[in-house]
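One file, data20.txt, carrying compact mmCIF, C-alpha atoms:
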```
# COMPACT_ATOMS: atom_id res chain seq x y z
CA MET A 228 0.00 0.00 0.00
CA THR A 229 1.39 3.40 -0.95
CA LYS A 230 0.98 6.06 1.64
CA ASP A 231 -0.74 9.26 0.70
CA THR A 232 2.02 11.53 -0.58
CA ASP A 233 0.10 14.67 0.38
CA GLU A 234 -0.20 13.40 3.93
CA ILE A 235 3.56 12.89 4.19
CA LEU A 236 4.28 16.27 2.61
CA ALA A 237 2.10 17.92 5.26
CA TRP A 238 3.84 15.90 7.96
CA VAL A 239 7.29 17.00 6.74
CA ALA A 240 6.15 20.65 6.50
CA ASP A 241 4.94 20.46 10.08
CA ILE A 242 8.20 18.93 11.34
CA PHE A 243 10.38 21.58 9.71
CA GLU A 244 7.86 24.41 10.28
CA THR A 245 8.02 25.25 6.58
CA PRO A 246 5.10 26.37 4.36
CA LEU A 247 3.55 23.37 2.60
CA GLU A 248 3.98 24.95 -0.85
CA LYS A 249 7.76 24.81 -0.36
CA ILE A 250 7.73 21.08 0.35
CA ARG A 251 7.75 18.90 -2.78
CA PRO A 252 9.09 15.35 -3.22
CA GLU A 253 12.06 16.77 -5.13
CA THR A 254 12.92 19.28 -2.39
CA LYS A 255 16.46 18.61 -1.18
CA ARG A 256 17.56 18.64 2.43
CA ASP A 257 19.73 21.74 1.98
CA GLU A 258 16.77 23.64 0.53
CA ILE A 259 14.91 23.38 3.84
CA GLU A 260 16.51 25.72 6.34
CA ALA A 261 15.20 23.92 9.41
CA TRP A 262 16.44 20.52 8.21
CA ASP A 263 19.71 21.05 10.04
CA SER A 264 21.29 19.14 12.93
CA LEU A 265 18.50 20.25 15.26
CA GLY A 266 15.84 19.49 12.64
CA ILE A 267 17.16 15.94 12.37
CA LEU A 268 16.45 15.46 16.08
CA THR A 269 12.86 16.57 15.50
CA LEU A 270 12.59 14.19 12.55
CA ILE A 271 13.88 11.29 14.69
CA ALA A 272 11.43 12.19 17.47
CA ARG A 273 8.43 12.44 15.14
CA MET A 274 9.33 9.18 13.36
CA ASP A 275 9.28 7.51 16.78
CA GLU A 276 6.18 9.30 18.01
CA ASP A 277 4.01 9.12 14.89
CA TYR A 278 5.23 5.96 13.15
CA HIS A 279 7.01 4.04 15.95
CA ILE A 280 10.16 3.90 13.85
CA LEU A 281 13.57 4.30 15.49
CA LEU A 282 15.86 5.61 12.75
CA THR A 283 19.35 4.16 12.54
CA ASP A 284 22.42 6.24 11.67
CA GLU A 285 22.49 4.74 8.15
CA GLU A 286 18.84 5.57 7.58
CA ILE A 287 19.35 9.14 8.76
CA GLN A 288 22.24 9.53 6.31
CA ARG A 289 20.16 8.17 3.42
CA LEU A 290 17.37 10.73 3.89
CA ARG A 291 18.60 13.53 1.64
CA SER A 292 15.32 14.81 0.18
CA VAL A 293 11.61 14.89 0.95
CA GLY A 294 11.21 12.12 -1.65
CA ASP A 295 13.60 9.94 0.36
CA ILE A 296 11.33 10.33 3.39
CA ILE A 297 8.27 9.41 1.30
CA ASP A 298 10.03 6.34 -0.12
CA PHE A 299 11.33 5.34 3.29
CA LEU A 300 7.88 5.45 4.90
CA ASN A 301 6.33 3.56 1.99
CA GLN A 302 9.05 0.89 2.12
CA ARG A 303 8.45 0.45 5.82
CA ASP A 304 4.71 0.42 5.14
CA ALA A 305 4.46 2.62 8.16
CA SER A 306 1.17 3.93 9.36
CA PRO A 307 0.64 6.50 12.07
CA GLY A 308 0.19 4.84 15.43
CA PRO A 309 -1.69 5.92 18.51
CA MET B 83 22.81 -10.14 32.12
CA ALA B 84 23.60 -7.30 34.52
CA LYS B 85 20.38 -7.07 36.50
CA CYS B 86 20.39 -7.47 40.26
CA LYS B 87 18.93 -6.46 43.59
CA ILE B 88 21.14 -5.45 46.51
CA GLY B 89 19.86 -4.95 50.04
CA GLY B 90 21.35 -3.50 53.19
CA ALA B 91 22.54 -0.08 52.00
CA ALA B 92 21.14 3.34 52.86
CA ILE B 93 21.80 6.81 51.46
CA ARG B 94 22.60 9.06 54.42
CA GLY B 95 23.06 12.17 52.32
CA ILE B 96 23.93 13.75 49.01
CA VAL B 97 25.63 17.10 48.48
CA SER B 98 26.17 18.56 45.02
CA ALA B 99 28.72 21.25 44.21
CA VAL B 100 28.75 23.66 41.26
CA PRO B 101 31.12 26.45 40.33
CA SER B 102 29.93 29.88 41.44
CA ARG B 103 30.56 31.32 37.95
CA ARG B 104 27.25 31.52 36.10
CA PHE B 105 27.32 31.66 32.30
CA ASP B 106 24.14 33.00 30.66
CA ASN B 107 23.77 31.52 27.17
CA PHE B 108 21.88 34.57 25.86
CA ARG B 109 24.10 37.20 27.45
CA ASP B 110 27.53 35.57 27.41
CA ALA B 111 27.69 33.31 24.31
CA SER B 112 29.45 35.83 22.09
CA GLY B 113 30.58 33.36 19.39
CA PHE B 114 27.07 32.71 18.08
CA SER B 115 24.29 34.82 16.59
CA GLU B 116 21.27 35.55 18.75
CA ASP B 117 19.17 33.43 16.42
CA GLU B 118 21.52 30.45 16.73
CA VAL B 119 21.50 30.71 20.51
CA ARG B 120 17.70 30.96 20.56
CA LYS B 121 17.40 27.81 18.44
CA VAL B 122 19.81 25.79 20.53
CA VAL B 123 18.36 26.99 23.84
CA GLY B 124 14.84 26.30 22.56
CA MET B 125 15.76 22.70 21.83
CA ALA B 126 18.29 21.82 24.55
CA GLY B 127 16.64 23.92 27.27
CA VAL B 128 19.94 25.20 28.69
CA LYS B 129 19.52 28.87 29.58
CA SER B 130 22.50 29.16 31.87
CA ARG B 131 25.30 26.97 33.10
CA ARG B 132 27.88 26.86 35.86
CA MET B 133 31.39 26.78 34.51
CA ALA B 134 34.59 25.94 36.32
CA GLY B 135 37.63 28.09 35.68
CA GLU B 136 40.84 26.62 34.28
CA SER B 137 42.08 25.86 37.78
CA VAL B 138 39.03 23.91 38.93
CA CYS B 139 38.79 20.17 38.33
CA SER B 140 36.07 17.60 38.96
CA SER B 141 38.01 16.53 42.03
CA ASP B 142 37.80 20.06 43.49
CA LEU B 143 34.04 20.11 43.06
CA CYS B 144 33.74 16.63 44.59
CA GLN B 145 36.05 17.56 47.46
CA THR B 146 33.91 20.60 48.25
CA ALA B 147 30.77 18.46 48.13
CA ALA B 148 32.35 15.73 50.28
CA GLU B 149 33.63 18.15 52.96
CA SER B 150 30.14 19.56 53.34
CA LEU B 151 28.56 16.10 53.30
CA LEU B 152 30.85 14.67 55.99
CA GLU B 153 29.96 17.56 58.24
CA LYS B 154 26.22 17.33 57.57
CA VAL B 155 25.96 13.57 58.15
CA GLY B 156 28.32 13.80 61.13
CA TRP B 157 30.77 11.14 59.98
CA GLU B 158 34.23 10.93 61.50
CA ARG B 159 36.75 10.80 58.65
CA ASP B 160 38.29 7.67 60.15
CA SER B 161 34.98 5.87 59.76
CA VAL B 162 35.00 6.03 55.94
CA ASP B 163 36.01 2.63 54.55
CA ALA B 164 35.73 3.27 50.81
CA LEU B 165 35.87 6.11 48.31
CA ILE B 166 34.68 5.61 44.74
CA MET B 167 35.36 8.45 42.30
CA VAL B 168 33.30 8.24 39.12
CA THR B 169 34.66 10.57 36.46
CA GLN B 170 35.86 10.96 32.92
CA SER B 171 37.55 14.26 33.67
CA PRO B 172 40.27 13.10 36.08
CA ASP B 173 43.08 15.32 37.36
CA TYR B 174 45.70 13.15 35.63
CA LEU B 175 45.90 10.07 33.43
CA LEU B 176 47.56 8.61 36.48
CA PRO B 177 47.34 8.36 39.45
CA SER B 178 43.66 7.73 40.11
CA THR B 179 41.83 10.86 41.22
CA ALA B 180 40.36 8.79 44.09
CA CYS B 181 43.82 8.48 45.65
CA ILE B 182 44.33 12.25 45.53
CA LEU B 183 40.90 12.77 47.09
CA GLN B 184 41.60 10.23 49.85
CA ALA B 185 44.51 12.44 50.91
CA LYS B 186 42.75 15.79 50.43
CA LEU B 187 39.73 14.60 52.41
CA ARG B 188 42.07 13.22 55.11
CA LEU B 189 40.46 9.79 54.95
CA PRO B 190 42.30 6.94 56.67
CA ILE B 191 44.87 4.85 54.81
CA THR B 192 42.66 1.87 55.59
CA CYS B 193 40.17 3.27 53.07
CA ALA B 194 39.77 1.57 49.67
CA ALA B 195 39.83 4.19 46.91
CA PHE B 196 39.50 3.80 43.15
CA ASP B 197 38.21 5.53 40.03
CA VAL B 198 35.43 4.38 37.74
CA GLY B 199 35.82 5.70 34.19
CA LEU B 200 32.21 6.24 33.19
CA GLY B 201 30.42 9.46 32.26
CA CYS B 202 26.71 10.00 31.70
CA SER B 203 25.82 6.54 33.05
CA GLY B 204 28.16 6.85 36.03
CA TYR B 205 25.83 7.45 38.97
CA PRO B 206 23.86 4.17 38.87
CA TYR B 207 27.16 2.33 38.40
CA GLY B 208 28.70 4.15 41.37
CA LEU B 209 25.73 3.35 43.60
CA TYR B 210 25.81 -0.25 42.42
CA LEU B 211 29.47 -0.64 43.37
CA GLY B 212 29.01 1.13 46.68
CA ALA B 213 25.95 -0.93 47.64
CA LEU B 214 27.68 -4.13 46.54
CA MET B 215 30.75 -3.39 48.70
CA LEU B 216 28.57 -2.62 51.74
CA SER B 217 26.55 -5.81 51.25
CA GLN B 218 29.69 -7.97 51.51
CA GLY B 219 30.51 -6.97 55.08
CA GLY B 220 33.74 -5.38 56.28
CA ILE B 221 32.98 -2.05 54.65
CA ARG B 222 30.43 -0.03 56.62
CA ARG B 223 30.63 3.46 55.14
CA ALA B 224 31.40 4.49 51.57
CA LEU B 225 31.58 7.81 49.75
CA VAL B 226 30.53 7.75 46.11
CA LEU B 227 31.88 10.87 44.42
CA HIS B 228 30.83 11.75 40.90
CA GLY B 229 32.11 14.86 39.16
CA GLU B 230 32.67 16.13 35.63
CA THR B 231 33.86 19.31 33.96
CA PRO B 232 32.37 18.88 30.46
CA ALA B 233 32.39 22.63 29.84
CA ARG B 234 36.18 22.41 29.98
CA PHE B 235 36.42 19.79 27.24
CA ALA B 236 33.96 21.43 24.83
CA ASP B 237 35.28 23.26 21.75
CA GLU B 238 33.82 26.76 22.08
CA SER B 239 33.15 27.01 18.34
CA ASP B 240 31.16 23.74 18.20
CA ARG B 241 27.48 24.63 18.38
CA SER B 242 26.45 21.05 19.18
CA VAL B 243 28.21 21.05 22.54
CA SER B 244 29.46 24.49 23.55
CA LEU B 245 26.09 25.88 24.67
CA LEU B 246 25.10 22.65 26.35
CA PHE B 247 27.62 21.68 28.99
CA GLY B 248 28.06 22.77 32.59
CA ASP B 249 30.32 21.52 35.37
CA ALA B 250 29.33 19.82 38.62
CA GLY B 251 30.49 17.50 41.36
CA SER B 252 28.68 15.46 43.97
CA ALA B 253 29.20 13.31 47.01
CA THR B 254 26.90 10.57 48.26
CA ALA B 255 27.21 8.96 51.69
CA LEU B 256 26.28 5.28 51.70
CA GLU B 257 26.09 3.26 54.91
CA ALA B 258 25.46 -0.41 55.61
CA ASP B 259 22.06 -0.74 57.26
CA PRO B 260 20.67 -4.26 57.84
CA SER B 261 17.20 -2.81 58.36
CA GLU B 262 17.21 -1.83 54.69
CA SER B 263 17.56 -5.44 53.55
CA ALA B 264 13.79 -5.69 53.25
CA HIS B 265 13.83 -3.02 50.55
CA PRO B 266 16.64 -3.97 48.18
CA TRP B 267 17.68 -1.57 45.45
CA ALA B 268 17.32 -2.74 41.86
CA PHE B 269 20.02 -2.19 39.26
CA VAL B 270 20.12 -2.73 35.50
CA LEU B 271 23.46 -1.95 33.84
CA HIS B 272 24.12 -2.23 30.09
CA THR B 273 26.67 -1.36 27.39
CA ASP B 274 26.90 -1.01 23.61
CA GLY B 275 30.47 -0.08 22.75
CA THR B 276 29.78 -0.14 19.00
CA GLY B 277 28.73 3.49 19.47
CA TYR B 278 31.95 4.56 21.20
CA GLN B 279 32.71 7.16 18.53
CA ASP B 280 29.37 8.93 18.96
CA LEU B 281 30.65 10.81 22.01
CA ILE B 282 34.41 10.92 22.24
CA ILE B 283 37.50 12.95 23.05
CA PRO B 284 39.82 11.31 20.52
CA GLY B 285 43.13 12.91 21.51
CA GLY B 286 45.28 12.78 24.63
CA GLY B 287 44.82 9.11 25.50
CA PHE B 288 47.21 6.36 24.50
CA ARG B 289 45.46 5.64 21.16
CA GLU B 290 46.26 9.15 19.94
CA ARG B 291 48.85 10.52 22.31
CA PHE B 292 49.80 14.02 21.07
CA PRO B 293 47.60 15.14 18.15
CA GLU B 294 48.57 18.49 16.62
CA ASP B 295 44.99 19.61 16.09
CA ARG B 296 43.80 21.05 19.41
CA ARG B 297 40.22 20.14 18.56
CA ARG B 298 41.16 16.46 18.95
CA TYR B 299 41.41 17.17 22.70
CA CYS B 300 37.81 18.42 22.73
CA VAL B 301 34.65 16.39 22.80
CA SER B 302 32.97 15.43 19.56
CA MET B 303 29.32 14.35 19.56
CA ASN B 304 27.03 12.79 16.99
CA GLY B 305 23.82 14.25 18.42
CA ALA B 306 21.48 12.31 16.14
CA ASN B 307 22.97 8.95 17.11
CA ILE B 308 22.96 9.82 20.80
CA PHE B 309 19.32 10.82 20.54
CA SER B 310 18.37 7.60 18.72
CA PHE B 311 20.30 5.59 21.31
CA SER B 312 18.54 7.40 24.17
CA ILE B 313 15.01 6.90 22.94
CA LYS B 314 15.73 3.25 22.17
CA ARG B 315 17.49 2.30 25.40
CA VAL B 316 16.14 4.48 28.23
CA PRO B 317 12.48 3.38 28.12
CA ALA B 318 13.56 -0.28 27.99
CA VAL B 319 15.94 0.01 30.94
CA ILE B 320 13.24 1.72 33.01
CA GLU B 321 10.69 -0.98 32.16
CA ASP B 322 13.24 -3.71 32.99
CA THR B 323 14.08 -2.10 36.33
CA LEU B 324 10.41 -1.78 37.32
CA ALA B 325 9.88 -5.45 36.45
CA LEU B 326 12.97 -6.50 38.42
CA ALA B 327 11.82 -4.52 41.46
CA GLY B 328 8.27 -5.82 41.12
CA THR B 329 6.77 -2.36 41.03
CA THR B 330 4.92 -0.15 38.58
CA LYS B 331 5.51 3.27 37.03
CA GLU B 332 3.11 4.73 39.58
CA GLY B 333 5.15 3.20 42.43
CA VAL B 334 8.03 5.56 41.65
CA ASP B 335 7.94 9.04 43.17
CA TYR B 336 10.49 10.61 40.82
CA TYR B 337 12.35 9.65 37.68
CA ILE B 338 15.73 11.35 37.97
CA LEU B 339 17.28 11.10 34.54
CA HIS B 340 20.67 12.27 33.36
CA GLN B 341 20.00 15.83 32.18
CA SER B 342 21.10 15.29 28.60
CA ASN B 343 18.91 17.67 26.65
CA GLN B 344 15.40 18.99 27.33
CA PHE B 345 14.09 17.84 23.96
CA ILE B 346 15.30 14.28 24.56
CA MET B 347 14.01 14.22 28.13
CA LYS B 348 10.55 15.50 27.24
CA HIS B 349 10.34 12.96 24.45
CA LEU B 350 11.28 10.20 26.89
CA ALA B 351 8.69 11.38 29.44
CA LYS B 352 6.00 11.35 26.77
CA LYS B 353 7.06 7.97 25.39
CA LEU B 354 7.04 6.44 28.87
CA GLY B 355 3.82 8.12 29.92
CA ILE B 356 5.51 9.76 32.89
CA PRO B 357 4.00 13.08 34.04
CA GLU B 358 6.52 15.91 33.64
CA GLU B 359 6.29 16.77 37.34
CA LYS B 360 7.70 13.33 38.12
CA MET B 361 10.75 13.96 35.93
CA PRO B 362 12.52 17.06 37.33
CA LEU B 363 14.59 19.16 34.93
CA THR B 364 17.57 21.12 36.20
CA LEU B 365 19.50 21.64 32.98
CA GLY B 366 17.86 25.01 32.40
CA ASP B 367 20.00 26.44 35.20
CA PHE B 368 22.98 24.08 35.20
CA GLY B 369 23.30 22.66 31.68
CA ASN B 370 24.23 19.09 30.89
CA THR B 371 26.81 18.30 33.57
CA GLY B 372 27.30 14.68 32.48
CA GLY B 373 26.53 11.89 34.94
CA PRO B 374 26.65 14.17 38.02
CA SER B 375 23.45 15.73 36.68
CA VAL B 376 21.64 12.84 38.41
CA PRO B 377 22.73 13.65 42.00
CA LEU B 378 22.56 17.38 41.12
CA THR B 379 18.91 16.94 40.18
CA MET B 380 18.30 15.01 43.39
CA THR B 381 19.47 18.04 45.39
CA GLU B 382 18.26 20.84 43.08
CA GLY B 383 15.21 19.33 41.42
CA GLY B 384 12.72 20.51 44.05
CA LEU B 385 11.78 17.03 45.25
CA VAL B 386 8.77 17.02 47.55
CA ARG B 387 9.66 14.74 50.46
CA PRO B 388 6.97 13.28 52.73
CA ALA B 389 8.05 13.16 56.37
CA ASP B 390 6.59 9.71 57.02
CA ARG B 391 7.99 7.53 54.24
CA PRO B 392 11.01 7.20 52.00
CA LEU B 393 10.95 8.40 48.41
CA THR B 394 11.27 5.76 45.72
CA LEU B 395 13.56 7.11 43.02
CA MET B 396 14.36 5.77 39.56
CA LEU B 397 17.86 7.03 38.75
CA VAL B 398 18.92 6.65 35.12
CA GLY B 399 22.21 7.45 33.42
CA TYR B 400 22.78 7.08 29.67
CA GLY B 401 25.27 8.29 27.10
CA VAL B 402 29.00 8.11 26.45
CA GLY B 403 30.28 4.57 25.99
CA LEU B 404 27.67 3.94 24.91
CA SER B 405 26.70 2.95 28.41
CA TRP B 406 23.47 3.11 30.35
CA GLY B 407 22.11 1.98 33.66
CA SER B 408 19.45 2.45 36.28
CA ALA B 409 19.12 2.26 40.02
CA LEU B 410 15.78 2.08 41.79
CA VAL B 411 16.54 3.26 45.32
CA GLN B 412 14.89 4.47 48.50
CA LEU B 413 15.70 7.84 50.01
CA ALA B 414 14.74 8.10 53.69
CA PRO B 415 13.07 11.29 54.99
CA GLY B 416 16.11 12.03 57.19
CA ALA B 417 18.69 11.78 54.39
CA VAL B 418 20.55 15.02 53.71
CA LEU B 419 20.03 16.71 50.33
CA SER B 420 22.06 19.85 49.97
CA SER B 421 24.25 21.88 47.63
CA VAL B 422 27.29 24.14 47.79
CA GLU B 423 29.14 26.46 45.43
CA LEU B 424 32.84 26.64 44.73
CA GLY B 425 34.63 29.80 43.70
CA ASN B 426 36.86 29.59 40.64
CA GLN B 427 40.05 29.91 42.62
CA GLY B 428 39.46 26.36 43.89
```
Using the file provided, produce a representation of the structure as structure tokens.
Amino acid sequence: MTKDTDEILAWVADIFETPLEKIRPETKRDEIEAWDSLGILTLIARMDEDYHILLTDEEIQRLRSVGDIIDFLNQRDASPGP
Amino acid sequence: MAKCKIGGAAIRGIVSAVPSRRFDNFRDASGFSEDEVRKVVGMAGVKSRRMAGESVCSSDLCQTAAESLLEKVGWERDSVDALIMVTQSPDYLLPSTACILQAKLRLPITCAAFDVGLGCSGYPYGLYLGALMLSQGGIRRALVLHGETPARFADESDRSVSLLFGDAGSATALEADPSESAHPWAFVLHTDGTGYQDLIIPGGGFRERFPEDRRRYCVSMNGANIFSFSIKRVPAVIEDTLALAGTTKEGVDYYILHQSNQFIMKHLAKKLGIPEEKMPLTLGDFGNTGGPSVPLTMTEGGLVRPADRPLTLMLVGYGVGLSWGSALVQLAPGAVLSSVELGNQG
């Protein structure tokens, strides 16, 4: 099952406190100001909180664009938990 | 598997010691823009810190704490049978800082004294060793000292650590008490050395004796890995300790966690379902002081202490090593909790 891309885009926009219109699958990490070392901590926390996924170091390194996050969540077939 | 219960030890008192020099991250952090400071403070929660001067070591902070503690609990120096110094900021590579402190504190030569080289996880390990020694007979009174000066090993230009760390020492008086055997303390102690590079001072040890780059003598941290490690390991070690002790989350009065970072700690509280008032935060005023942040939070965390029963405390250290551990202990109403300050002249 493919997760709703729009849902993930909104989730990413919320994490990095960035307007939704600036978040596209092709948006690169360095194009999002808040996706810095502190932003990564928020991403790790929200992955744990919302999808019960504990990111490994390798997985963190592989997430270089919004599209990578979308692919990652779809590969894990993750769905938001309680 | 390192899980065990040890009975027959009591905490008679804890005194923490911090440098008198207060460093305000907004006012005094001149190397960073206001926006950078606001972002880091917003996440880490460290508004101000206590920083030791160049002449003040962990041992000085611990000595100050121990002098005050001995007086407050009324122990004769000759009655102290063991001194355990837990630190990763020793005075020298050798001798052990514990030996120097045995002399400075004028403890008897019949006193066993040794260092334990652990950082953020150090307090539960120190209590474990102290309680274990008391439970074997022969040793009746032990001082567990735990001090660090992380602000002194941080590179001032490194945003990930320079606004975070403060310095602190502590002294804990443990005494054999057979009446406490009915309420054994529970310990869970674990290690994952595959992450040793995630928090490291690479230079100055025997692996890399005299590096030219001064930054190799400063701490380097992979914050993302440390965060992932913390949220993976801390909830599990708390659950394991509760199960070992045969109690529930509600049976614990306070969860005193190593004050790593406010964002991490609040995430842990939420994940564990622990109300924030049961997990005191002191890093806003003192910063991340390494493992001594646990005893520092016991004295400075505003614990409400009923007069008619002991507090049940879950003490958790986690970080550098990677190493983590917990101690579920009782703190009697009469036990001393106090703090002192040390001027920067030592």
- Item | Computed interatomic separation between CA of Leu245 (chain B) and CA of Val168 (chain B) (Å) |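 Distance between the two atoms: 23.9 Å.
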- Proximity to Glu149 (chain B) - best of B:Arg109, B:Ile320, B:Ala224, B:Ala253, all atoms listed in the file: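 Of B:Arg109, B:Ile320, B:Ala224, B:Ala253, the one nearest Glu149 (chain B), counting all atoms listed in the file, is B:Ala253.
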- Task: Check every residue of chain B for an atom within 10 Å of chain A, counting all atoms listed in the file, and provide those that qualify as an NGL selection string.
- Result: :B and (121-122 or 125-126 or 241-242 or 304-311 or 313-314 or 345-346 or 349-350 or 352-353)
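In this model, the gap between CA of Leu324 (chain B) and CA of Met396 (chain B) comes to 8.8 Å.
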- Take CA of Ala237 (chain A) and CA of Leu290 (chain A) and report the distance between them in Å, one decimal. 16.9 Å
- Neighbour list for Pro252 (chain A) as a list in words, cut-off 7 Å, all atoms listed in the file, skip fewer than 2 positions in-chain: Ile250, Thr254, Val293 and Gly294 of chain A
- Message: My list of candidates is B:Gln145, B:Ser408, B:Thr371, B:Thr169. Which is closest to Lys87 (chain B) when distances are computed with only C-alpha atoms?
- Response: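 The shortest atom-to-atom distance to Lys87 (chain B) comes from B:Ser408.
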- Task: Can you work out which one of A:Met274, A:Val239, A:Gln302, A:Arg256 has the shortest atom-to-atom distance to Gln288 (chain A), counting all atoms listed in the file?
- Result: A:Arg256
- Task: Extract, using only C-alpha atoms, all DNA, RNA and protein residues at most 8 Å from Val270 (chain B), discarding same-chain residues fewer than 4 positions from it, and format them as a PyMOL selection string.
- Result: chain B and resi 84-86+319+322-323+407-409
